[in-house]
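For reference, the structure discussed in these notes is given below.
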2 protein chains.
Amino acid sequence: MVDLKSGANPLFLREEELRRGIEMMFYAYREFTSEPDRILAEIGFGRAHHRAIYFIGRYPEITVSELLGILRITKQSLSRVLSQLLDEGYVVQARGRRDQRQRLLQLTERGRDLEKRLSDTQRARFAAAYKAAGAEAVAGFRAVLAGIMDPADLSRVESLMPNGGEEARPEEPASLVKAGSGSLGRAQSKAER
Amino acid sequence: MVDLKSGANPLFLREEELRRGIEMMFYAYREFTSEPDRILAEIGFGRAHHRAIYFIGRYPEITVSELLGILRITKQSLSRVLSQLLDEGYVVQARGRRDQRQRLLQLTERGRDLEKRLSDTQRARFAAAYKAAGAEAVAGFRAVLAGIMDPADLSRVESLMPNGGEEARPEEPASLVKAGSGSLGRAQSKAER
DNA sequence: CAAGATTAGTCAACATGGCTGACGTATTGC
DNA sequence: GCAATACGTCAGCCATGTTGACTAATCTTG
């Protein structure tokens, strides 16, 4: 094995560098979901439940549409996990005050506990990696991820930062789901098979 | 929305920082798989096919066991995609020379074309992100990912680098699949639902 | 105020890609 | 010669994505 059609020309090195990043992304993502997956499996949930719980905890009173916009899945897919979360008392919903059609989602105490349990494992992993790599590396890490992400997602992440993130953008206060990319309801992802 | 139980205490900031990294990881991963997924869908393949093609291209003459060790899935799961790739002429296998039980996998011309088509989209995305973020950021990006990954995966990635990666480790030349973590055949992942 | 748009939910059916368990067949190595 | 290994296969389950069709409540607007 280890057959590099080598020759130390710069083009090869560049390609190799890119491949390395891509592979590391694959490996790191797998690892970073592994612990939550194990916990979820114990209680009969899956990764999709984690995502819903996570973002409901992140944005209390989020509406179903907003959540769909973040997750980019169809409402039928979300419905499956959401109704389980409701049934089993991890999430509650209340009618919107301004708009009564909306269902504002929130974690219950139980939901918050599970969210914490799941996220703590990921935070611990990140905390260790951040610490080992150093503050400057963390800034670089985020800068590269920012370049990979969909800009709509990026601005959502940044809008929650107390200070607006490194490229400070004092624009819209926070709309969670940009009307621009993807609109509502119907998702286009095809992802996460 | 945007309800941060704020107060600018350092603990809150730290947690916020970690959450931000986690979310960015989620968003970036989704984005970085989106283009290959679209291409794959056109020809009736899925993400699993991409992964197999990618690593077969990466490690020509890789054995089935080694591939299983990298992907960490069961042979039954791999078999599904691998036999399609064989049937449709993207991959060929040859008996091992030393060990005739092994099937050494390789991409055909056709497989190489598809691999390139898929990976080019990801490389372009990374190249743009790297360029925008700068060389130092790239080093930080990799340092953090290295801290998140399973060390066994990390050493595999590094063993392919012409110079061995930044933390230069002149150990084993390249075993692809460390006998340590996970052994062979049976996978334990539960991941990627 | 009536019509149309939006928000949420539901039923049904399908695909992908994980998984377990149980076997079969070469081939290797002790 | 026999056990272990490498590979493959059949069968069935589960989670989570998808489409498409349709209902009900509520808002918005002409």
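Labeling convention for the structure tokens: chains A, B, ... as they appear, residues from 1 per chain, ligands from 1 in order of appearance.
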Quick check: residues of chain C within 7 Å of chain A, only C-alpha atoms (C1' of nucleotides), returned as an MDAnalysis selection string. chainID C and resid 7 16:17
Residues of chain B within 7 Å of chain A, only C-alpha atoms counted, as a PyMOL selection string: chain B and resi 1-3+18+20-21+24+27-28+31-32+34+37+47+59-62+123+125-127+129-130+133+136-145+147-150+153+157+160+174+191-193
Take the residues just selected and output them with N, CA and C atoms as a CSV table (one decimal), in the first residue's frame.
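The file below, result_21.csv, is the result:
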chain,number,residue,atom,x,y,z
B,1,MET,N,-36.5,34.9,19.1
B,1,MET,CA,-35.4,33.9,19.2
B,1,MET,C,-34.2,34.6,19.8
B,2,VAL,N,-33.1,34.0,19.6
B,2,VAL,CA,-31.8,34.5,20.1
B,2,VAL,C,-32.0,34.8,21.6
B,3,ASP,N,-32.1,33.8,22.4
B,3,ASP,CA,-32.3,34.0,23.8
B,3,ASP,C,-31.1,33.4,24.4
B,18,LEU,N,-17.5,26.7,22.4
B,18,LEU,CA,-17.5,25.3,22.1
B,18,LEU,C,-18.7,24.9,21.2
B,20,ARG,N,-20.2,26.8,19.3
B,20,ARG,CA,-20.0,27.4,18.0
B,20,ARG,C,-19.2,26.4,17.1
B,21,GLY,N,-18.2,25.9,17.7
B,21,GLY,CA,-17.3,24.9,16.9
B,21,GLY,C,-18.1,23.7,16.5
B,24,MET,N,-20.6,24.6,13.7
B,24,MET,CA,-19.9,24.8,12.5
B,24,MET,C,-19.5,23.5,11.8
B,27,TYR,N,-22.6,22.1,10.2
B,27,TYR,CA,-22.9,22.8,8.9
B,27,TYR,C,-21.9,22.5,7.8
B,28,ALA,N,-20.6,22.6,8.2
B,28,ALA,CA,-19.6,22.4,7.2
B,28,ALA,C,-19.6,21.0,6.6
B,31,GLU,N,-22.4,20.7,4.2
B,31,GLU,CA,-22.1,21.4,2.9
B,31,GLU,C,-21.1,20.6,2.1
B,32,PHE,N,-20.1,20.1,2.7
B,32,PHE,CA,-19.0,19.5,2.0
B,32,PHE,C,-19.4,18.2,1.4
B,34,SER,N,-22.5,17.8,0.1
B,34,SER,CA,-23.7,18.1,-0.7
B,34,SER,C,-23.4,18.0,-2.2
B,37,ASP,N,-22.9,14.3,-3.3
B,37,ASP,CA,-24.2,13.7,-3.2
B,37,ASP,C,-25.1,13.9,-4.4
B,47,ARG,N,-23.7,8.1,-0.9
B,47,ARG,CA,-22.5,8.5,-0.2
B,47,ARG,C,-21.5,7.4,0.1
B,59,TYR,N,-5.8,4.3,-1.9
B,59,TYR,CA,-4.9,3.3,-1.6
B,59,TYR,C,-5.0,2.1,-2.6
B,60,PRO,N,-4.5,2.3,-3.8
B,60,PRO,CA,-4.6,1.3,-4.8
B,60,PRO,C,-4.1,-0.1,-4.3
B,61,GLU,N,-4.8,-1.1,-4.6
B,61,GLU,CA,-4.5,-2.5,-4.1
B,61,GLU,C,-4.8,-2.7,-2.7
B,62,ILE,N,-5.7,-1.9,-2.2
B,62,ILE,CA,-6.1,-2.1,-0.8
B,62,ILE,C,-6.9,-3.4,-0.7
B,123,ARG,N,-12.5,19.3,-3.3
B,123,ARG,CA,-11.2,20.0,-3.3
B,123,ARG,C,-11.3,21.4,-3.6
B,125,ARG,N,-13.9,23.3,-3.0
B,125,ARG,CA,-14.4,23.9,-1.8
B,125,ARG,C,-13.4,24.2,-0.8
B,126,PHE,N,-12.5,23.2,-0.6
B,126,PHE,CA,-11.5,23.3,0.4
B,126,PHE,C,-10.4,24.3,-0.1
B,127,ALA,N,-10.1,24.3,-1.3
B,127,ALA,CA,-9.1,25.2,-1.8
B,127,ALA,C,-9.6,26.6,-1.6
B,129,ALA,N,-11.7,27.7,0.6
B,129,ALA,CA,-11.7,28.0,2.1
B,129,ALA,C,-10.3,28.2,2.6
B,130,TYR,N,-9.4,27.4,2.1
B,130,TYR,CA,-8.0,27.5,2.5
B,130,TYR,C,-7.4,28.9,2.1
B,133,ALA,N,-8.8,31.7,4.1
B,133,ALA,CA,-8.4,31.7,5.5
B,133,ALA,C,-6.9,31.9,5.7
B,136,GLU,N,-1.8,29.9,7.7
B,136,GLU,CA,-1.8,29.7,9.2
B,136,GLU,C,-3.1,29.1,9.7
B,137,ALA,N,-4.2,29.6,9.2
B,137,ALA,CA,-5.5,29.1,9.5
B,137,ALA,C,-5.6,27.6,9.2
B,138,VAL,N,-5.0,27.3,8.0
B,138,VAL,CA,-5.1,25.9,7.6
B,138,VAL,C,-4.3,25.0,8.6
B,139,ALA,N,-3.2,25.4,9.1
B,139,ALA,CA,-2.5,24.7,10.1
B,139,ALA,C,-3.3,24.5,11.3
B,140,GLY,N,-4.0,25.6,11.7
B,140,GLY,CA,-4.8,25.5,12.9
B,140,GLY,C,-6.0,24.6,12.7
B,141,PHE,N,-6.6,24.6,11.5
B,141,PHE,CA,-7.7,23.8,11.2
B,141,PHE,C,-7.3,22.3,11.3
B,142,ARG,N,-6.2,22.0,10.8
B,142,ARG,CA,-5.7,20.6,10.9
B,142,ARG,C,-5.4,20.2,12.3
B,143,ALA,N,-4.8,21.1,13.0
B,143,ALA,CA,-4.4,20.8,14.4
B,143,ALA,C,-5.6,20.5,15.2
B,144,VAL,N,-6.7,21.2,15.0
B,144,VAL,CA,-7.9,21.0,15.8
B,144,VAL,C,-8.6,19.7,15.3
B,145,LEU,N,-8.7,19.5,14.0
B,145,LEU,CA,-9.3,18.2,13.6
B,145,LEU,C,-8.5,17.0,14.1
B,147,GLY,N,-7.0,16.8,16.8
B,147,GLY,CA,-7.4,16.5,18.2
B,147,GLY,C,-8.7,15.9,18.4
B,148,ILE,N,-9.6,16.0,17.4
B,148,ILE,CA,-10.9,15.5,17.4
B,148,ILE,C,-10.9,14.0,17.0
B,149,MET,N,-10.1,13.7,16.0
B,149,MET,CA,-10.1,12.4,15.4
B,149,MET,C,-9.6,11.3,16.3
B,150,ASP,N,-9.9,10.1,15.9
B,150,ASP,CA,-9.3,8.9,16.5
B,150,ASP,C,-7.9,8.9,16.1
B,153,ASP,N,-6.9,6.9,13.1
B,153,ASP,CA,-7.2,7.5,11.8
B,153,ASP,C,-6.1,8.6,11.5
B,157,VAL,N,-3.7,9.0,8.2
B,157,VAL,CA,-3.6,10.2,7.4
B,157,VAL,C,-2.2,10.7,7.3
B,160,LEU,N,0.6,9.0,5.1
B,160,LEU,CA,0.6,9.2,3.6
B,160,LEU,C,1.3,10.5,3.2
B,174,ALA,N,3.7,2.5,7.3
B,174,ALA,CA,2.3,2.7,6.9
B,174,ALA,C,1.6,1.3,7.0
B,191,ALA,N,-22.8,4.4,13.3
B,191,ALA,CA,-22.9,5.8,12.8
B,191,ALA,C,-23.6,6.0,11.5
B,192,GLU,N,-23.7,7.1,11.1
B,192,GLU,CA,-24.2,7.6,9.8
B,192,GLU,C,-25.5,7.0,9.4
B,193,ARG,N,-26.5,7.4,10.3
B,193,ARG,CA,-27.8,7.0,9.9
B,193,ARG,C,-28.4,8.1,9.0
Pick from D:DC14, D:DA6, D:DC22, D:DT28: nearest to chain B, with only C-alpha atoms (C1' of nucleotides) counted?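 Among the listed residues, D:DA6 lies closest to chain B.
Remark: for chain D, the closest of the candidate residues A:Ala52, A:Leu85, A:Glu109, A:Thr74 is A:Thr74 (distances computed over only C-alpha atoms (C1' of nucleotides)).
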Counting only C-alpha atoms (C1' of nucleotides), chain D residues within 12 Å of chain B, as an MDAnalysis selection string: chainID D and resid 5:11 14:17
Dump C-alpha atoms (C1' of nucleotides) for the selected residues as a short mmCIF file (atom, residue, chain, number, x, y, z; two decimals), in the first residue's frame?
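part_37.cif, written as the output of this step:
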data_model
loop_
_atom_site.label_atom_id
_atom_site.label_comp_id
_atom_site.auth_asym_id
_atom_site.auth_seq_id
_atom_site.Cartn_x
_atom_site.Cartn_y
_atom_site.Cartn_z
"C1'" DT D 5 -8.37 -16.07 8.13
"C1'" DA D 6 -10.30 -13.49 4.02
"C1'" DC D 7 -14.08 -12.99 1.44
"C1'" DG D 8 -18.73 -13.46 0.06
"C1'" DT D 9 -23.81 -14.12 0.54
"C1'" DC D 10 -28.70 -14.65 2.13
"C1'" DA D 11 -32.20 -12.79 4.97
"C1'" DC D 14 -33.96 -0.26 11.82
"C1'" DA D 15 -33.20 4.79 11.29
"C1'" DT D 16 -33.68 8.48 8.55
"C1'" DG D 17 -33.85 10.54 4.45
#
Å distance separating CA of Gly111 in chain B from C1' of DA26 in chain C, one decimal place: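 Going from CA of Gly111 in chain B over to C1' of DA26 in chain C, I get 27.9 Å.
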For the structure I just gave you, how does DSSP split range 31-176 of chain B - specifically, which residues are helix (DSSP H, G or I)? Reply as an NGL selection string. :B and (31-42 or 47-58 or 64-71 or 75-87 or 109-133 or 135-148 or 151-159)
Separation of CA of Ser83 in chain A and CA of Ile39 in chain A, in Å?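 That distance, rounded to one decimal, is 19.7 Å.
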